[in-house]
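Trainee: My structure is stored as protein-v3.pdb, with PDB, C-alpha atoms.
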ATOM      1  CA  ASP F   1       0.000   0.000   0.000
ATOM      2  CA  ASN F   2       2.958   2.353   0.143
ATOM      3  CA  ASP F   3       5.143   4.056  -2.417
ATOM      4  CA  PHE F   4       8.447   2.469  -1.470
ATOM      5  CA  ASN F   5       7.541  -1.196  -2.031
ATOM      6  CA  PRO F   6       8.083  -1.054  -5.819
ATOM      7  CA  ARG F   7      11.373   0.784  -5.361
ATOM      8  CA  LEU F   8      12.684  -1.813  -2.934
ATOM      9  CA  GLU F   9      11.413  -4.692  -5.038
ATOM     10  CA  LYS F  10      13.333  -3.333  -8.046
ATOM     11  CA  LYS F  11      16.490  -3.789  -5.971
ATOM     12  CA  GLY F  12      15.416  -7.298  -4.984
ATOM     13  CA  TYR F  13      14.263  -6.496  -1.453
ATOM     14  CA  LYS F  14      10.969  -7.819  -0.164
ATOM     15  CA  ILE F  15       8.692  -6.493   2.534
ATOM     16  CA  LEU F  16       6.757  -9.259   4.222
ATOM     17  CA  LYS F  17       4.067  -9.195   6.874
ATOM     18  CA  ASP F  18       3.822 -12.072   9.336
ATOM     19  CA  ALA F  19       0.676 -13.468  10.968
ATOM     20  CA  LYS F  20       1.044 -11.009  13.864
ATOM     21  CA  GLY F  21       1.104  -8.031  11.492
ATOM     22  CA  THR F  22       4.817  -7.289  11.870
ATOM     23  CA  PHE F  23       6.594  -6.042   8.761
ATOM     24  CA  TYR F  24      10.012  -7.361   7.776
ATOM     25  CA  LEU F  25      12.507  -6.326   5.118
ATOM     26  CA  THR F  26      14.253  -9.300   3.512
ATOM     27  CA  ASP F  27      17.712  -8.823   1.976
ATOM     28  CA  PRO F  28      17.914 -10.362  -1.522
ATOM     29  CA  LYS F  29      21.473 -11.654  -1.173
ATOM     30  CA  THR F  30      21.486 -13.049   2.333
ATOM     31  CA  GLU F  31      17.764 -13.643   2.942
ATOM     32  CA  VAL F  32      18.242 -11.945   6.311
ATOM     33  CA  ARG F  33      14.909 -10.743   7.657
ATOM     34  CA  LEU F  34      14.883  -7.446   9.561
ATOM     35  CA  ASN F  35      11.958  -6.126  11.578
ATOM     36  CA  LEU F  36      11.094  -2.731  10.063
ATOM     37  CA  VAL F  37      10.068  -1.287  13.410
ATOM     38  CA  THR F  38      12.810  -2.475  15.766
ATOM     39  CA  ALA F  39      15.850  -3.139  13.540
ATOM     40  CA  GLN F  40      18.712  -0.678  13.762
ATOM     41  CA  ILE F  41      21.775  -0.108  11.605
ATOM     42  CA  LYS F  42      24.590   1.867  13.218
ATOM     43  CA  GLY F  43      22.175   3.146  15.850
ATOM     44  CA  GLU F  44      19.500   4.308  13.403
ATOM     45  CA  PHE F  45      16.162   2.590  13.001
ATOM     46  CA  LEU F  46      15.798   0.759   9.715
ATOM     47  CA  SER F  47      12.330   2.229   9.211
ATOM     48  CA  GLU F  48      13.804   5.750   9.331
ATOM     49  CA  LEU F  49      16.582   4.816   6.911
ATOM     50  CA  VAL F  50      14.046   3.327   4.505
ATOM     51  CA  HIS F  51      11.864   6.422   4.792
ATOM     52  CA  GLU F  52      14.812   8.756   4.154
ATOM     53  CA  THR F  53      15.902   6.699   1.161
ATOM     54  CA  VAL F  54      12.423   6.749  -0.320
ATOM     55  CA  GLN F  55      12.122  10.504   0.183
ATOM     56  CA  ARG F  56      15.504  11.016  -1.481
ATOM     57  CA  GLY F  57      14.374   8.864  -4.417
ATOM     58  CA  ILE F  58      11.139  10.826  -4.772
ATOM     59  CA  LYS F  59      13.065  14.118  -4.702
ATOM     60  CA  GLU F  60      15.526  12.878  -7.348
ATOM     61  CA  GLU F  61      12.653  11.692  -9.535
ATOM     62  CA  GLN F  62      10.948  15.092  -9.262
ATOM     63  CA  GLN F  63      14.199  16.865 -10.150
ATOM     64  CA  GLU F  64      14.625  14.614 -13.193
ATOM     65  CA  LYS F  65      11.074  15.373 -14.329
ATOM     66  CA  GLN F  66      11.768  19.096 -13.953
ATOM     67  CA  LYS F  67      14.934  18.780 -16.038
ATOM     68  CA  LYS F  68      13.049  16.936 -18.770
ATOM     69  CA  ALA F  69      10.264  19.532 -18.702
ATOM     70  CA  GLN F  70      12.796  22.349 -19.134
ATOM     71  CA  LYS F  71      14.635  20.806 -22.084
ATOM     72  CA  PRO F  72      11.837  21.367 -24.646
ATOM     73  CA  GLU F  73      11.653  25.038 -23.620
ATOM     74  CA  VAL F  74      15.359  25.462 -24.350
ATOM     75  CA  LYS F  75      14.931  23.899 -27.779
ATOM     76  CA  ASN F  76      12.022  26.237 -28.530
ATOM     77  CA  ASP F  77      14.104  29.263 -27.552
ATOM     78  CA  GLN F  78      16.940  28.071 -29.782
ATOM     79  CA  ASN F  79      14.537  27.779 -32.690
ATOM     80  CA  ARG F  80      13.538  31.423 -32.206
ATOM     81  CA  GLY F  81      17.110  32.613 -32.640
ATOM     82  CA  TYR F  82      17.865  33.229 -28.973
ATOM     83  CA  LYS F  83      21.296  32.429 -27.712
ATOM     84  CA  ILE F  84      21.513  30.598 -24.448
ATOM     85  CA  ARG F  85      24.523  31.417 -22.293
ATOM     86  CA  ARG F  86      25.954  28.848 -19.941
TER
END
Represent the structure from my file as structure tokens, please.

Mentor:
Amino acid sequence: DNDFNPRLEKKGYKILKDAKGTFYLTDPKTEVRLNLVTAQIKGEFLSELVHETVQRGIKEEQQEKQKKAQKPEVKNDQNRGYKIRR
């Protein structure tokens, strides 16, 4: 139901929910299962690290879309005889 599942699955990670409703992140290489709520890496909760990573990915995707949206405008200006300085 969340936005980061497809992103993690592209990298081979899986988020699983057990019978008790606890969510786990499974590493694709080692099959290690980490509790998303209680697991920590270097003192930081895994859930926070996942959230930060997802937010960074969303921001990068938005920046890429903005770059692509700006490129046609530059081409149009070039077609009108304007010179673009860099």

Trainee: Can you list, as a PyMOL selection string, the residues that the PyMOL selection byres ((chain F and resi 11-23) around 12) selects here?

Mentor: chain F and resi 1-2+4-10+24-39+46-47+50

Trainee: Write a file of the selected residues as a compact mmCIF listing (two decimals), in the coordinates of the input, keeping C-alpha atoms.

Mentor:
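What follows is the written file again_7.txt:
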# COMPACT_ATOMS: atom_id res chain seq x y z
CA ASP F 1 0.00 0.00 0.00
CA ASN F 2 2.96 2.35 0.14
CA PHE F 4 8.45 2.47 -1.47
CA ASN F 5 7.54 -1.20 -2.03
CA PRO F 6 8.08 -1.05 -5.82
CA ARG F 7 11.37 0.78 -5.36
CA LEU F 8 12.68 -1.81 -2.93
CA GLU F 9 11.41 -4.69 -5.04
CA LYS F 10 13.33 -3.33 -8.05
CA TYR F 24 10.01 -7.36 7.78
CA LEU F 25 12.51 -6.33 5.12
CA THR F 26 14.25 -9.30 3.51
CA ASP F 27 17.71 -8.82 1.98
CA PRO F 28 17.91 -10.36 -1.52
CA LYS F 29 21.47 -11.65 -1.17
CA THR F 30 21.49 -13.05 2.33
CA GLU F 31 17.76 -13.64 2.94
CA VAL F 32 18.24 -11.94 6.31
CA ARG F 33 14.91 -10.74 7.66
CA LEU F 34 14.88 -7.45 9.56
CA ASN F 35 11.96 -6.13 11.58
CA LEU F 36 11.09 -2.73 10.06
CA VAL F 37 10.07 -1.29 13.41
CA THR F 38 12.81 -2.48 15.77
CA ALA F 39 15.85 -3.14 13.54
CA LEU F 46 15.80 0.76 9.72
CA SER F 47 12.33 2.23 9.21
CA VAL F 50 14.05 3.33 4.50

Trainee: Find the distance between CA of Lys71 in chain F and CA of Thr53 in chain F and write it in Å to one decimal.

Mentor: 27.2 Å

Trainee: Edge lengths and centre, in Å to one decimal, as lines of an AutoDock Vina configuration file: that's what I need for the box along x, y and z that holds all listed atoms of range 6-25 of chain F plus 8 Å on each side.

Mentor:
center_x = 8.6
center_y = -6.3
center_z = 2.9
size_x = 31.8
size_y = 30.3
size_z = 37.9

Trainee: To one decimal place, how far is CA of Gln40 in chain F from CA of Gly57 in chain F in Å?

Mentor: 21.0 Å

Trainee: Which value, in Å to one decimal, gives the distance between CA of Phe45 in chain F and CA of Glu61 in chain F?

Mentor: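 The value is 24.6 Å.
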